[in-house]
Amino acid sequence: MANAVSSQAKIHAPFGGVVPTLAKREHQKNLIPVLKWALKEAKLLKTQNLKLKTQNYNLKFKTIKQILEREDVLAGKTLNFLKKYQKPLLREGYGGQAKIDLIAVTYGPGLAPALWPGVNLARALSYYWQIPIVGINHLEAHLFSVFLENKKISGFRFPTIALIVSGGHTQLILMKNWGNYKLIGETRDDAAGECFDKSARLLGLSYPGGPVIAAEANKFSISNFQFPIKLPRPMLNSNDFDFSFSGLKTAVLYLVEKLKKEKKNIKNLIPALANEIQNSINEVLITKTIKAAKKYKVKSVILGGGVAANASLRDRLAKTIKNELPDVSYFCPERKFSTDNAAMIALTAYFNLKNRKRKTNWKNLEADANLRLKEIK
Ligand code: KG4
Ligand code: ZN
């Protein structure tokens, strides 16, 4: 299946980060088109001739409007969609029978205005189509994203340390079994991805900053440009597994100001600066992950989240594990599954149901901006 991509990056770019109200607006606009695209791709999109005047439908549509009452644009689009298309039905294909047996939706953690449109659309579809619904923890999905390539799971063993690094989170999680998580460390301020994004902005680079910093850092190694630029490695040797990246961002700010005062040409120095920012973030992430892996005598290490798309982080972590912990297996997602995607949500729903059988009633599911992974036991 091809990738269904709907990106808001350009919309948020002028602000250097996700703006909750804009995210809500864009989700309302894009959710139905993306859903239609996915159903069509799965050959599950079929039009229908609905006799809309019956009382039953009036009642059902009234409930949909109530579920989506705070997302009026999405409510209108959802009603039109449900009037025009049938419930996705069982069909033959892909070497077997296919049907939608579960609707999985991210319900946290994250920005509440960005979470609600997805949650409410999923609730509306669950109600209307009478398909069970399950809420998925976004961070748990990043963790499971490493299994989207199914050949990988064979070497996976517990205990496991997972480093989840995204735009909103930086966490080290000890996993003793499926669904058994212990948060052993996290950032006290900015997330690693946020540090990439904010540092990029300080260098006048575009959003999201992670990929741009990585690309600039790549130029540095190619050109072999030399300049004595050094940034701190925050909390590198602290006696815990926590992180702190806001000081690093401030150090970038001061360094850029100093270089400007010295009348240095910042543009020429961007590859060197990007390289040092990337090295600093990655060194801290890798050092703490290895320390945790040793302390908890783990058999596997997982890297997940948007920052896991960073080639230098992926490769350096792989090499360090190979050198220092040769018996430990290392798992990171394919790059396209590192940043937020729906495939990891669906896969996590599958794992959850296989192991814990948690289903929700559409009436009870709510977005939870502060959902904690450690609460899943
Ligand atoms: O998981 P994600 O897609 O969304 C959140 O859950 O936040 O992560 C987005 C973050 C952004 O901060 C972005 O700059 C960062 O992942 N990112 C990267 C790279 N690609 C995306 N950071 C470093 N290097 C990359 N290649
Ligand atoms: Zn994410």
# chains A, B, ... in the order shown; residues from 1 in each chain; ligands from 1
call {"tool": "residues_around", "arguments": {"residues": "segment 236-243 of chain A", "least_positions_apart": "6", "cutoff": "6 Å", "atoms": "only C-alpha atoms", "output": "PyMOL selection string"}}
result
chain A and resi 185-187+284
call {"tool": "write_last_selection", "arguments": {"atoms": "C-alpha atoms", "output": "short mmCIF file (atom, residue, chain, number, x, y, z; two decimals), in the first residue's frame"}}
result
data_model
loop_
_atom_site.label_atom_id
_atom_site.label_comp_id
_atom_site.auth_asym_id
_atom_site.auth_seq_id
_atom_site.Cartn_x
_atom_site.Cartn_y
_atom_site.Cartn_z
CA GLY A 185 13.71 8.84 32.99
CA GLU A 186 12.38 11.74 30.95
CA THR A 187 13.14 15.30 30.02
CA VAL A 284 23.34 12.59 25.66
#
call {"tool": "residues_near_ligand", "arguments": {"ligand": "ligand 1", "cutoff": "9 Å", "atoms": "only C-alpha atoms and all ligand atoms", "output": "ChimeraX atom specification"}}
result
/A:17-18,109-110,138-139,142,164-169,191-198,200,207-215,278,304-313,335,337-341
call {"tool": "residues_around", "arguments": {"residues": "segment 79-86 of chain A", "least_positions_apart": "3", "cutoff": "6 Å", "atoms": "only C-alpha atoms", "output": "ChimeraX atom specification"}}
result
/A:46-48,76
call {"tool": "residues_around", "arguments": {"residues": "segment 171-182 of chain A", "least_positions_apart": "4", "cutoff": "9 Å", "atoms": "only C-alpha atoms", "output": "PyMOL selection string"}}
result
chain A and resi 140+157-165+186-187+191+241-243+288-289+292-293+296+298+351-352+355-356+373-377
call {"tool": "write_last_selection", "arguments": {"atoms": "N, CA, C and O atoms", "output": "compact mmCIF listing (two decimals), in the first residue's frame"}}
result
# COMPACT_ATOMS: atom_id res chain seq x y z
N GLU A 140 3.24 4.74 23.21
CA GLU A 140 3.28 3.28 23.09
C GLU A 140 3.34 2.89 21.61
O GLU A 140 4.03 1.95 21.22
N ARG A 157 13.51 -9.65 22.74
CA ARG A 157 13.37 -10.30 24.04
C ARG A 157 13.29 -9.26 25.16
O ARG A 157 13.85 -8.18 25.05
N PHE A 158 12.62 -9.62 26.23
CA PHE A 158 12.56 -8.77 27.42
C PHE A 158 13.67 -9.17 28.38
O PHE A 158 14.10 -10.32 28.33
N PRO A 159 14.08 -8.26 29.30
CA PRO A 159 13.64 -6.88 29.42
C PRO A 159 14.21 -6.00 28.30
O PRO A 159 15.22 -6.33 27.69
N THR A 160 13.51 -4.89 28.08
CA THR A 160 13.85 -3.98 27.00
C THR A 160 13.92 -2.54 27.51
O THR A 160 13.13 -2.16 28.38
N ILE A 161 14.85 -1.79 26.97
CA ILE A 161 14.84 -0.35 27.23
C ILE A 161 14.38 0.33 25.94
O ILE A 161 14.90 0.02 24.85
N ALA A 162 13.40 1.21 26.06
CA ALA A 162 12.95 1.97 24.88
C ALA A 162 13.28 3.44 25.09
O ALA A 162 12.96 4.01 26.14
N LEU A 163 13.93 4.02 24.10
CA LEU A 163 14.15 5.47 24.09
C LEU A 163 13.15 6.06 23.11
O LEU A 163 13.21 5.79 21.91
N ILE A 164 12.20 6.83 23.64
CA ILE A 164 11.19 7.45 22.79
C ILE A 164 11.50 8.95 22.70
O ILE A 164 11.46 9.66 23.71
N VAL A 165 11.82 9.39 21.49
CA VAL A 165 12.24 10.79 21.30
C VAL A 165 11.40 11.44 20.21
O VAL A 165 11.51 11.08 19.04
N GLU A 186 13.01 10.92 32.01
CA GLU A 186 12.38 11.74 30.95
C GLU A 186 12.95 13.15 31.00
O GLU A 186 13.68 13.51 31.92
N THR A 187 12.60 13.95 30.02
CA THR A 187 13.14 15.30 30.02
C THR A 187 12.45 16.15 31.08
O THR A 187 11.26 15.99 31.34
N ALA A 191 11.77 18.64 24.94
CA ALA A 191 12.04 17.32 24.37
C ALA A 191 13.19 17.45 23.36
O ALA A 191 13.50 18.55 22.89
N PHE A 241 18.31 9.00 34.96
CA PHE A 241 18.08 8.81 33.53
C PHE A 241 17.25 9.95 32.93
O PHE A 241 16.62 9.79 31.90
N ASP A 242 17.27 11.09 33.62
CA ASP A 242 16.53 12.25 33.11
C ASP A 242 17.37 13.03 32.10
O ASP A 242 18.58 12.87 32.00
N PHE A 243 16.67 13.88 31.36
CA PHE A 243 17.30 14.73 30.34
C PHE A 243 16.90 16.19 30.59
O PHE A 243 15.94 16.47 31.30
N LYS A 288 22.87 7.92 27.89
CA LYS A 288 21.90 7.55 28.93
C LYS A 288 21.21 6.22 28.60
O LYS A 288 20.89 5.43 29.48
N THR A 289 20.96 6.00 27.32
CA THR A 289 20.31 4.74 26.92
C THR A 289 21.21 3.55 27.22
O THR A 289 20.75 2.53 27.76
N ALA A 292 21.33 2.90 30.94
CA ALA A 292 20.11 2.23 31.39
C ALA A 292 20.11 0.76 30.96
O ALA A 292 19.73 -0.13 31.74
N ALA A 293 20.56 0.52 29.74
CA ALA A 293 20.58 -0.87 29.23
C ALA A 293 21.49 -1.73 30.09
O ALA A 293 21.18 -2.89 30.38
N TYR A 296 19.88 -2.22 33.80
CA TYR A 296 18.74 -3.14 33.87
C TYR A 296 18.98 -4.46 33.14
O TYR A 296 18.08 -5.25 32.95
N VAL A 298 19.36 -5.41 30.07
CA VAL A 298 18.31 -5.68 29.08
C VAL A 298 18.81 -6.58 27.96
O VAL A 298 20.01 -6.73 27.75
N PHE A 351 -1.57 -5.36 18.91
CA PHE A 351 -0.81 -5.90 20.04
C PHE A 351 -1.64 -5.83 21.32
O PHE A 351 -1.68 -6.78 22.10
N ASN A 352 -2.27 -4.70 21.55
CA ASN A 352 -3.05 -4.51 22.77
C ASN A 352 -4.16 -5.55 22.87
O ASN A 352 -4.38 -6.14 23.92
N ASN A 355 -2.91 -9.01 23.59
CA ASN A 355 -2.34 -9.26 24.91
C ASN A 355 -3.19 -8.79 26.08
O ASN A 355 -3.07 -9.28 27.17
N ARG A 356 -4.01 -7.79 25.84
CA ARG A 356 -4.73 -7.24 27.00
C ARG A 356 -6.22 -7.07 26.79
O ARG A 356 -6.94 -6.72 27.69
N LEU A 373 2.52 6.87 29.91
CA LEU A 373 2.74 5.49 29.50
C LEU A 373 2.85 4.56 30.70
O LEU A 373 2.38 3.45 30.69
N LYS A 374 3.44 5.08 31.77
CA LYS A 374 3.65 4.21 32.94
C LYS A 374 2.32 3.78 33.56
O LYS A 374 2.28 2.85 34.34
N GLU A 375 1.26 4.49 33.21
CA GLU A 375 -0.04 4.12 33.78
C GLU A 375 -0.63 2.88 33.13
O GLU A 375 -1.58 2.33 33.61
N ILE A 376 -0.03 2.46 32.02
CA ILE A 376 -0.53 1.24 31.36
C ILE A 376 0.16 0.05 31.99
O ILE A 376 1.36 -0.10 31.88
N LYS A 377 -0.57 -0.74 32.67
CA LYS A 377 0.05 -1.88 33.36
C LYS A 377 -0.58 -3.17 32.88
O LYS A 377 -1.73 -3.19 32.52
call {"tool": "residues_around", "arguments": {"residues": "Glu149 of chain A", "least_positions_apart": "3", "cutoff": "12 Å", "atoms": "only C-alpha atoms", "output": "PyMOL selection string"}}
result
chain A and resi 144-146+152-154+331-337+343-344+347
call {"tool": "residues_around", "arguments": {"residues": "Asn279 of chain A", "least_positions_apart": "2", "cutoff": "12 Å", "atoms": "only C-alpha atoms", "output": "number ranges by chain"}}
result
A: 192, 196, 213-214, 217-218, 220-221, 229-234, 248, 272-277, 281-287, 310-313, 316
